[in-house]
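A.B. asks: One structure, pasted below without further comment.
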Amino acid sequence: MQTSPYGSWPSPIDAALAAAHDGHPEWLGFVGDEVWWTEPRPAEGGRRTLVRRHADGREEPVLPAPWNVRSRVIEYGGRPWAGAVTAGAPLVVFVHFADQRLYRYEPGSEPRPLTPVSPVGGGLRWAEPQLRLDLGEVWCVLEEFTGDGPTDVRRVLAAVPLDGSAAQDRDAVRELTDDRHRFVTGPRLSPDGSRAAWLAWDHPRMPWDGTELIVADVHEGTLREPRTVAGGPQESIAQADWSPDGRLLYASDRTGWWNLYRDGEQLCPREEEFGGALWKLGHQWFAPLDSGLIAVVHGTGSTALGILDPETGELVDAAGPWTEFAPTLAVHGERVVAVGASPRTAYEVVELDTRTGRARVIGAEHDDPVDPVHYPEPQIRVFTGPDGRDIHAHVYPPHHPGYRAPGDELPPYVVWAHGGPTGHAPLVLDLSIAYFTSRGIGVAEVNYGGSTGYGREYRNRLREQWGVVDVEDCAAVALALADEGTADRDRLAVRGGSAGGWTAAASLTMTDVYACATIVYPILDLTGWGTGETHDFESQYLESLVGPLAEVPGRYVERSPAEHADRVTAPFLLLQGLDDVICPPAQCERFLERIAGRRVPHAYLAFEGEGHGFRRADTMIRALEAELSLYAQVFGLNPPGVPTLELTK
């Protein structure tokens, strides 16, 4: 064991390795007996490909570059593909990211467009396709821009002909609903095909605030007499489906926790979440099996994959190392597939056979790129914040199998604020965290008030308190780590992306806790963001996070980092995608204009071709190395082999 200062330890986990393992499998589905899913390709421009698992276990990328299976509906997207077996061969429909058209694909042939291109605004976009082979159609969510503004948009359920007749003809797309609701999810058909259920909500609500569960009769390929059967402004229904005998299943938080219901009856009353924040259309936390059992992703904080017996309320979890499951499930017969991960394994495709109870990895299997002795060992912690409130966090101390620091030295720590802010930091292996911990820099992920996974009351702590509670909670964790002797009080940093970028920037203007910050594709100007500088989905999000703009305009000014650049004295790194329509570059540029001349060391890296969330390997490498260089310069560290980031004043 060698002795060397924190931050100087040599690590086999470089930025290229972390970038290569960024992202995870998503959008599982069965095509016949085969399991298919989407998977990221950071080295191929950040596209997502479709992967097919053959019956013999062989995995095959289905679509070569430049095909990119990803939807832009509500900008965060939704389920982008569906498949079935017809005439003994797979038939797949998918959304291509570049033009957002829906395509038909059969292996051995080129994809053929099913939908037209619209020159109006953001065009036509599609999500949650469902094959209706009996009608020769695909039923989808259609997002249609009616003008050039980000909120000039309507959303309906629509039917697209499978024969390609709508590829050049918008009129050939059959609308199944009107646009009375601003947002809708894809319809779920009852087993006998007689009814359809979907979710809807309207501004200023977000789907975790309140949604309506709508049921309509299906008659000759049309939806008739839609009616609201559950939900409302104060009740969030996260998902709906049907039991094999035609009863309506849904996840509602009417008790303060997303629990499962069947025709209004609570099936497994627990202070746990059986649902979550619907950031993407098609997220799935439960799936009914033919036997009547229900596969569920559930938990408090972390999540497990379980099988629920709705008749008895008995819930049995799958055995295995996984501590977190993504909100994507697929079932076929008595087979259940999910995407699970743990602090020692990245996300992988897991199959559970409910007949045997056996769970095994069947796809995207985790393969340690380095000796796992270099991975951090997380600690699940609960800290005490202002007013005695609990703050949930994951603490990753510095760790290296061959190095330790001098006995009198305390480690630097970086507090990570997750995005959302109605989101959650999962307890899983993240090589971006290991990139820092293996060099001697600790990381603390804070699930601040407002995070999901701990019930509605915990989520509601952030109502009208964004920029207050999140900032206070992150600071409380940082100072607690310093007070207990875990972290060096003089070497604390904060970092975050999107809403986490807001928290990081606000922390520099509202506290003196941190020596520096990494601010990634952030929100910096509330007034600008709340008056047209973002997309439609979140265009009224601040009404609940900050308060009604018309009533409390001063609050928008007081909390915005862009309005208080004069308070920033700590060095910072600002990272931004130039194609970001959610948190646009204009916000960063205004902030930098107000910093100019104040002699605050900083760097601004803007990346062409990147949107909200970096997906390209070269971008992620540059961003990670720049972040490490910032900490090295501010904290007096000497990490080997890291390019120096030039800080300007």
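Residues are named by chain letter and number: chains run A, B, ... in the order of the structure tokens, numbers start at 1 in each chain, and ligands are numbered from 1 in the order shown.
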Do you know which residues are at most 10 Å from region 452-460 of chain A counting only C-alpha atoms, after dropping those on the same chain fewer than 6 positions away, and could you put them as a PyMOL selection string?
C.D. replies: chain A and resi 208-209+235-236+253-258+271-277+298-303+389-392+420-426+544-545
A.B. asks: Which residues, written as a list in words, have at least one atom at most 6 Å from region 186-203 of chain A, with only C-alpha atoms counted and residues fewer than 4 positions away on the same chain left out?
C.D. replies: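 What passes the distance filter is Glu128, Cys140, Val141, His181, Arg182, Thr211, Glu212, Leu213, Ile214, Val215, Ala216, Asp217, Val218, Asp241, Trp242 and Gly246 of chain A.
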A.B. asks: If we count only C-alpha atoms, what is near region 501-517 of chain A at a cut-off of 6 Å, once residues fewer than 5 positions away on the same chain are taken out, given as a list of chain:residue names?
C.D. replies: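 Those residues are A:Val471, A:Leu492, A:Ala493, A:Val494, A:Arg495, A:Gly496, A:Pro522, A:Ile523, A:Leu524, A:Pro561, A:Arg567, A:Val568, A:Ala570, A:Pro571, A:Phe572.
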A.B. asks: Could you save the residues just selected, with N, CA, C and O atoms, as a compact mmCIF listing (two decimals), in the first residue's frame?
C.D. replies:
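Output file out_8.txt follows:
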# COMPACT_ATOMS: atom_id res chain seq x y z
N VAL A 471 -30.83 23.54 -2.37
CA VAL A 471 -29.55 24.16 -2.02
C VAL A 471 -29.22 23.87 -0.56
O VAL A 471 -28.08 23.50 -0.21
N LEU A 492 -14.51 21.39 -0.71
CA LEU A 492 -15.84 20.90 -1.09
C LEU A 492 -16.25 21.53 -2.41
O LEU A 492 -16.02 22.72 -2.64
N ALA A 493 -16.85 20.73 -3.28
CA ALA A 493 -17.35 21.22 -4.57
C ALA A 493 -18.79 20.74 -4.74
O ALA A 493 -19.24 19.82 -4.06
N VAL A 494 -19.50 21.37 -5.66
CA VAL A 494 -20.84 20.95 -6.00
C VAL A 494 -20.94 20.85 -7.51
O VAL A 494 -20.32 21.64 -8.23
N ARG A 495 -21.68 19.86 -7.98
CA ARG A 495 -21.87 19.71 -9.43
C ARG A 495 -23.24 19.13 -9.71
O ARG A 495 -23.85 18.45 -8.87
N GLY A 496 -23.75 19.42 -10.90
CA GLY A 496 -25.04 18.88 -11.30
C GLY A 496 -25.36 19.27 -12.73
O GLY A 496 -24.77 20.21 -13.28
N PRO A 522 -27.42 23.94 -17.52
CA PRO A 522 -28.26 24.35 -16.39
C PRO A 522 -29.42 25.28 -16.77
O PRO A 522 -29.48 25.82 -17.87
N ILE A 523 -30.31 25.44 -15.82
CA ILE A 523 -31.25 26.55 -15.79
C ILE A 523 -30.60 27.63 -14.93
O ILE A 523 -30.17 27.35 -13.80
N LEU A 524 -30.52 28.85 -15.44
CA LEU A 524 -29.86 29.93 -14.71
C LEU A 524 -30.72 31.16 -14.55
O LEU A 524 -30.48 31.98 -13.67
N PRO A 561 -29.56 32.51 -10.44
CA PRO A 561 -28.12 32.79 -10.45
C PRO A 561 -27.73 33.86 -11.46
O PRO A 561 -26.82 34.65 -11.21
N ARG A 567 -22.53 37.79 -6.92
CA ARG A 567 -22.28 37.05 -5.69
C ARG A 567 -21.31 35.89 -5.88
O ARG A 567 -20.86 35.30 -4.90
N VAL A 568 -21.02 35.53 -7.12
CA VAL A 568 -20.17 34.38 -7.39
C VAL A 568 -18.71 34.76 -7.22
O VAL A 568 -18.21 35.68 -7.87
N ALA A 570 -16.44 31.87 -6.32
CA ALA A 570 -15.74 30.59 -6.46
C ALA A 570 -15.56 30.23 -7.93
O ALA A 570 -16.43 30.51 -8.77
N PRO A 571 -14.45 29.61 -8.29
CA PRO A 571 -14.25 29.16 -9.67
C PRO A 571 -15.32 28.16 -10.09
O PRO A 571 -15.87 27.42 -9.26
N PHE A 572 -15.61 28.13 -11.39
CA PHE A 572 -16.61 27.18 -11.88
C PHE A 572 -16.31 26.78 -13.31
O PHE A 572 -15.62 27.48 -14.05
A.B. asks: Could you name the residues that touch region 22-30 of chain A at 9 Å or less, counting only C-alpha atoms, but leaving out those on the same chain fewer than 3 positions away, as a VMD selection string?
C.D. replies: chain A and resid 17 to 19 33 to 42 78 to 84 282 to 283 326 to 332 337 to 339 346 to 349 363 to 364 430 to 432 615 617 620
A.B. asks: Could you save those same residues with N, CA and C atoms as a short mmCIF file (atom, residue, chain, number, x, y, z; two decimals), in the first residue's frame?
C.D. replies:
data_model
loop_
_atom_site.label_atom_id
_atom_site.label_comp_id
_atom_site.auth_asym_id
_atom_site.auth_seq_id
_atom_site.Cartn_x
_atom_site.Cartn_y
_atom_site.Cartn_z
N LEU A 17 -12.96 5.33 -20.69
CA LEU A 17 -13.63 4.14 -20.17
C LEU A 17 -15.00 4.49 -19.60
N ALA A 18 -15.05 5.58 -18.83
CA ALA A 18 -16.33 6.01 -18.27
C ALA A 18 -17.32 6.36 -19.37
N ALA A 19 -16.84 7.04 -20.41
CA ALA A 19 -17.73 7.43 -21.51
C ALA A 19 -18.24 6.22 -22.27
N ASP A 33 -41.04 -14.79 -29.22
CA ASP A 33 -40.39 -15.29 -28.01
C ASP A 33 -39.09 -14.56 -27.71
N GLU A 34 -38.66 -13.67 -28.59
CA GLU A 34 -37.37 -13.01 -28.44
C GLU A 34 -37.50 -11.70 -27.65
N VAL A 35 -36.46 -11.38 -26.89
CA VAL A 35 -36.39 -10.12 -26.16
C VAL A 35 -35.58 -9.12 -26.99
N TRP A 36 -36.13 -7.92 -27.18
CA TRP A 36 -35.46 -6.84 -27.89
C TRP A 36 -35.41 -5.63 -26.95
N TRP A 37 -34.46 -4.73 -27.20
CA TRP A 37 -34.35 -3.51 -26.40
C TRP A 37 -33.52 -2.48 -27.16
N THR A 38 -33.50 -1.25 -26.66
CA THR A 38 -32.62 -0.22 -27.23
C THR A 38 -31.38 -0.11 -26.35
N GLU A 39 -30.29 0.32 -26.97
CA GLU A 39 -29.01 0.38 -26.27
C GLU A 39 -28.18 1.54 -26.82
N PRO A 40 -27.44 2.26 -25.95
CA PRO A 40 -26.67 3.42 -26.42
C PRO A 40 -25.38 3.02 -27.11
N ARG A 41 -24.93 3.89 -28.00
CA ARG A 41 -23.66 3.72 -28.70
C ARG A 41 -22.90 5.05 -28.63
N PRO A 42 -22.25 5.34 -27.48
CA PRO A 42 -21.54 6.63 -27.34
C PRO A 42 -20.49 6.86 -28.42
N GLY A 78 -40.04 8.95 -25.37
CA GLY A 78 -40.92 7.90 -24.91
C GLY A 78 -40.56 6.61 -25.62
N ARG A 79 -41.35 5.61 -25.39
CA ARG A 79 -41.07 4.32 -26.03
C ARG A 79 -41.02 4.52 -27.54
N PRO A 80 -39.90 4.15 -28.21
CA PRO A 80 -39.76 4.49 -29.62
C PRO A 80 -39.97 3.33 -30.59
N TRP A 81 -40.35 2.15 -30.10
CA TRP A 81 -40.48 1.03 -31.03
C TRP A 81 -41.52 0.02 -30.53
N ALA A 82 -41.96 -0.82 -31.47
CA ALA A 82 -42.83 -1.95 -31.15
C ALA A 82 -42.59 -3.02 -32.20
N GLY A 83 -42.84 -4.28 -31.83
CA GLY A 83 -42.59 -5.35 -32.78
C GLY A 83 -43.53 -6.51 -32.58
N ALA A 84 -43.64 -7.33 -33.60
CA ALA A 84 -44.45 -8.54 -33.56
C ALA A 84 -43.91 -9.49 -34.61
N GLY A 282 -44.39 5.95 -21.62
CA GLY A 282 -44.19 4.52 -21.76
C GLY A 282 -43.40 3.90 -20.64
N HIS A 283 -42.94 4.71 -19.67
CA HIS A 283 -42.30 4.12 -18.50
C HIS A 283 -43.25 3.12 -17.85
N ALA A 326 -34.80 -0.18 -13.53
CA ALA A 326 -35.31 0.93 -14.33
C ALA A 326 -36.81 0.71 -14.61
N PRO A 327 -37.54 1.79 -14.89
CA PRO A 327 -38.98 1.65 -15.16
C PRO A 327 -39.25 1.14 -16.58
N THR A 328 -38.77 -0.06 -16.86
CA THR A 328 -39.08 -0.72 -18.12
C THR A 328 -39.23 -2.20 -17.85
N LEU A 329 -40.38 -2.75 -18.23
CA LEU A 329 -40.69 -4.16 -18.04
C LEU A 329 -41.34 -4.69 -19.30
N ALA A 330 -41.17 -5.99 -19.51
CA ALA A 330 -41.92 -6.67 -20.57
C ALA A 330 -42.22 -8.07 -20.08
N VAL A 331 -43.38 -8.59 -20.47
CA VAL A 331 -43.78 -9.94 -20.06
C VAL A 331 -44.25 -10.72 -21.29
N HIS A 332 -44.06 -12.04 -21.19
CA HIS A 332 -44.50 -12.94 -22.26
C HIS A 332 -44.77 -14.28 -21.59
N VAL A 337 -39.04 -9.70 -18.12
CA VAL A 337 -37.72 -9.13 -18.34
C VAL A 337 -37.70 -7.70 -17.82
N ALA A 338 -36.56 -7.33 -17.25
CA ALA A 338 -36.39 -6.01 -16.63
C ALA A 338 -34.95 -5.58 -16.84
N VAL A 339 -34.64 -4.35 -16.41
CA VAL A 339 -33.28 -3.82 -16.50
C VAL A 339 -32.84 -3.46 -15.09
N ALA A 346 -23.26 -2.56 -13.70
CA ALA A 346 -24.05 -1.60 -14.47
C ALA A 346 -25.38 -2.25 -14.85
N TYR A 347 -26.28 -1.45 -15.46
CA TYR A 347 -27.59 -1.96 -15.85
C TYR A 347 -27.45 -3.09 -16.88
N GLU A 348 -28.20 -4.15 -16.67
CA GLU A 348 -28.20 -5.31 -17.56
C GLU A 348 -29.62 -5.85 -17.67
N VAL A 349 -29.87 -6.62 -18.72
CA VAL A 349 -31.20 -7.17 -18.95
C VAL A 349 -31.34 -8.46 -18.14
N GLY A 363 -29.02 -10.34 -21.16
CA GLY A 363 -28.60 -9.39 -22.17
C GLY A 363 -27.83 -8.23 -21.59
N ALA A 364 -27.00 -7.61 -22.43
CA ALA A 364 -26.17 -6.46 -22.01
C ALA A 364 -25.45 -6.78 -20.71
N ASP A 430 -21.51 3.52 -11.33
CA ASP A 430 -21.37 4.62 -12.27
C ASP A 430 -19.88 4.90 -12.40
N LEU A 431 -19.33 4.61 -13.57
CA LEU A 431 -17.89 4.79 -13.73
C LEU A 431 -17.48 6.26 -13.71
N SER A 432 -18.43 7.16 -13.89
CA SER A 432 -18.11 8.58 -13.74
C SER A 432 -17.82 8.91 -12.28
N ARG A 615 -24.27 12.64 -25.02
CA ARG A 615 -24.37 11.27 -25.49
C ARG A 615 -23.17 10.82 -26.30
N ALA A 617 -19.22 10.10 -27.06
CA ALA A 617 -18.07 9.73 -26.25
C ALA A 617 -17.05 10.86 -26.15
N MET A 620 -18.21 13.46 -23.64
CA MET A 620 -18.13 13.02 -22.25
C MET A 620 -16.69 12.95 -21.75
#
A.B. asks: Do you have, as JSON lines, the list of residues of region 434-548 of chain A lying at most 9 Å from region 65-76 of chain A, each with its nearest atom pair and that distance in Å to one decimal, counting only C-alpha atoms and ordered by chain then number?
C.D. replies:
{"residue": "A:His535", "atom": "CA", "partner": "A:Glu75", "partner_atom": "CA", "distance": 7.4}
{"residue": "A:Asp536", "atom": "CA", "partner": "A:Ile74", "partner_atom": "CA", "distance": 7.1}
{"residue": "A:Phe537", "atom": "CA", "partner": "A:Ile74", "partner_atom": "CA", "distance": 5.5}
{"residue": "A:Glu538", "atom": "CA", "partner": "A:Ile74", "partner_atom": "CA", "distance": 8.7}
A.B. asks: Can you list, as a list in words, every residue of region 146-387 of chain A that DSSP puts in helix (DSSP H, G or I)?
C.D. replies: Arg170, Asp171, Ala172, Pro372, Val373, His374, Pro386 and Asp387 of chain A
A.B. asks: Return the single residue from A:Ala444, A:Cys583, A:Val336, A:Leu176 that is closest to Ile380 (chain A), with distances computed using only C-alpha atoms.
C.D. replies: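 Smallest distance to Ile380 (chain A) is found for A:Ala444.
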A.B. asks: May I have the residues within 8 Å of Val370 (chain A) as a ChimeraX atom specification, using only C-alpha atoms and disregarding those fewer than 4 positions away in the same chain?
C.D. replies: /A:12-13,374
A.B. asks: Any idea what's packed within 9 Å of Leu605 (chain A), counting only C-alpha atoms, ignoring anything in its chain fewer than 3 positions away? Could you give it as a PyMOL selection string?
C.D. replies: chain A and resi 573-577+622-623+626
A.B. asks: Check the DSSP output for the backbone and give back, as a PyMOL selection string, the residues of region 502-553 of chain A in strand (DSSP E).
C.D. replies: chain A and resi 516-520
A.B. asks: Any chance you can output those residues with all heavy atoms as a PDB file, in the first residue's frame?
C.D. replies:
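out.pdb written:
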ATOM      1  N   CYS A 516     -15.642  25.411  -5.374  1.00  0.00           N
ATOM      2  CA  CYS A 516     -15.821  25.494  -6.827  1.00  0.00           C
ATOM      3  C   CYS A 516     -17.064  24.696  -7.211  1.00  0.00           C
ATOM      4  O   CYS A 516     -17.663  24.006  -6.368  1.00  0.00           O
ATOM      5  CB  CYS A 516     -14.589  24.975  -7.585  1.00  0.00           C
ATOM      6  SG  CYS A 516     -14.183  23.251  -7.256  1.00  0.00           S
ATOM      7  N   ALA A 517     -17.434  24.775  -8.493  1.00  0.00           N
ATOM      8  CA  ALA A 517     -18.639  24.090  -8.960  1.00  0.00           C
ATOM      9  C   ALA A 517     -18.492  23.699 -10.420  1.00  0.00           C
ATOM     10  O   ALA A 517     -17.841  24.400 -11.204  1.00  0.00           O
ATOM     11  CB  ALA A 517     -19.866  24.983  -8.789  1.00  0.00           C
ATOM     12  N   THR A 518     -19.129  22.575 -10.771  1.00  0.00           N
ATOM     13  CA  THR A 518     -19.283  22.166 -12.167  1.00  0.00           C
ATOM     14  C   THR A 518     -20.769  22.239 -12.488  1.00  0.00           C
ATOM     15  O   THR A 518     -21.591  21.560 -11.862  1.00  0.00           O
ATOM     16  CB  THR A 518     -18.757  20.741 -12.395  1.00  0.00           C
ATOM     17  OG1 THR A 518     -17.369  20.696 -12.060  1.00  0.00           O
ATOM     18  CG2 THR A 518     -18.927  20.332 -13.851  1.00  0.00           C
ATOM     19  N   ILE A 519     -21.110  23.073 -13.461  1.00  0.00           N
ATOM     20  CA  ILE A 519     -22.495  23.410 -13.787  1.00  0.00           C
ATOM     21  C   ILE A 519     -22.762  22.926 -15.213  1.00  0.00           C
ATOM     22  O   ILE A 519     -22.145  23.414 -16.163  1.00  0.00           O
ATOM     23  CB  ILE A 519     -22.717  24.926 -13.664  1.00  0.00           C
ATOM     24  CG1 ILE A 519     -22.321  25.418 -12.258  1.00  0.00           C
ATOM     25  CG2 ILE A 519     -24.146  25.297 -13.996  1.00  0.00           C
ATOM     26  CD1 ILE A 519     -22.180  26.932 -12.160  1.00  0.00           C
ATOM     27  N   VAL A 520     -23.657  21.960 -15.362  1.00  0.00           N
ATOM     28  CA  VAL A 520     -23.833  21.267 -16.632  1.00  0.00           C
ATOM     29  C   VAL A 520     -25.236  21.516 -17.179  1.00  0.00           C
ATOM     30  O   VAL A 520     -26.236  21.312 -16.490  1.00  0.00           O
ATOM     31  CB  VAL A 520     -23.582  19.759 -16.459  1.00  0.00           C
ATOM     32  CG1 VAL A 520     -23.535  19.058 -17.819  1.00  0.00           C
ATOM     33  CG2 VAL A 520     -22.289  19.495 -15.687  1.00  0.00           C
TER      34      VAL A 520
END
A.B. asks: With only C-alpha atoms as the basis for distance, which of A:Glu445, A:Asp490, A:Glu175, A:Asp473 is at the shortest distance from Glu144 (chain A)?
C.D. replies: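 Closest to Glu144 (chain A) of all the choices is A:Glu175.
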A.B. asks: Which one is closest to Leu260 (chain A): A:Pro639, A:Pro548, A:Gly611, A:Pro288? Count only C-alpha atoms.
C.D. replies: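 The shortest atom-to-atom distance to Leu260 (chain A) comes from A:Pro288.
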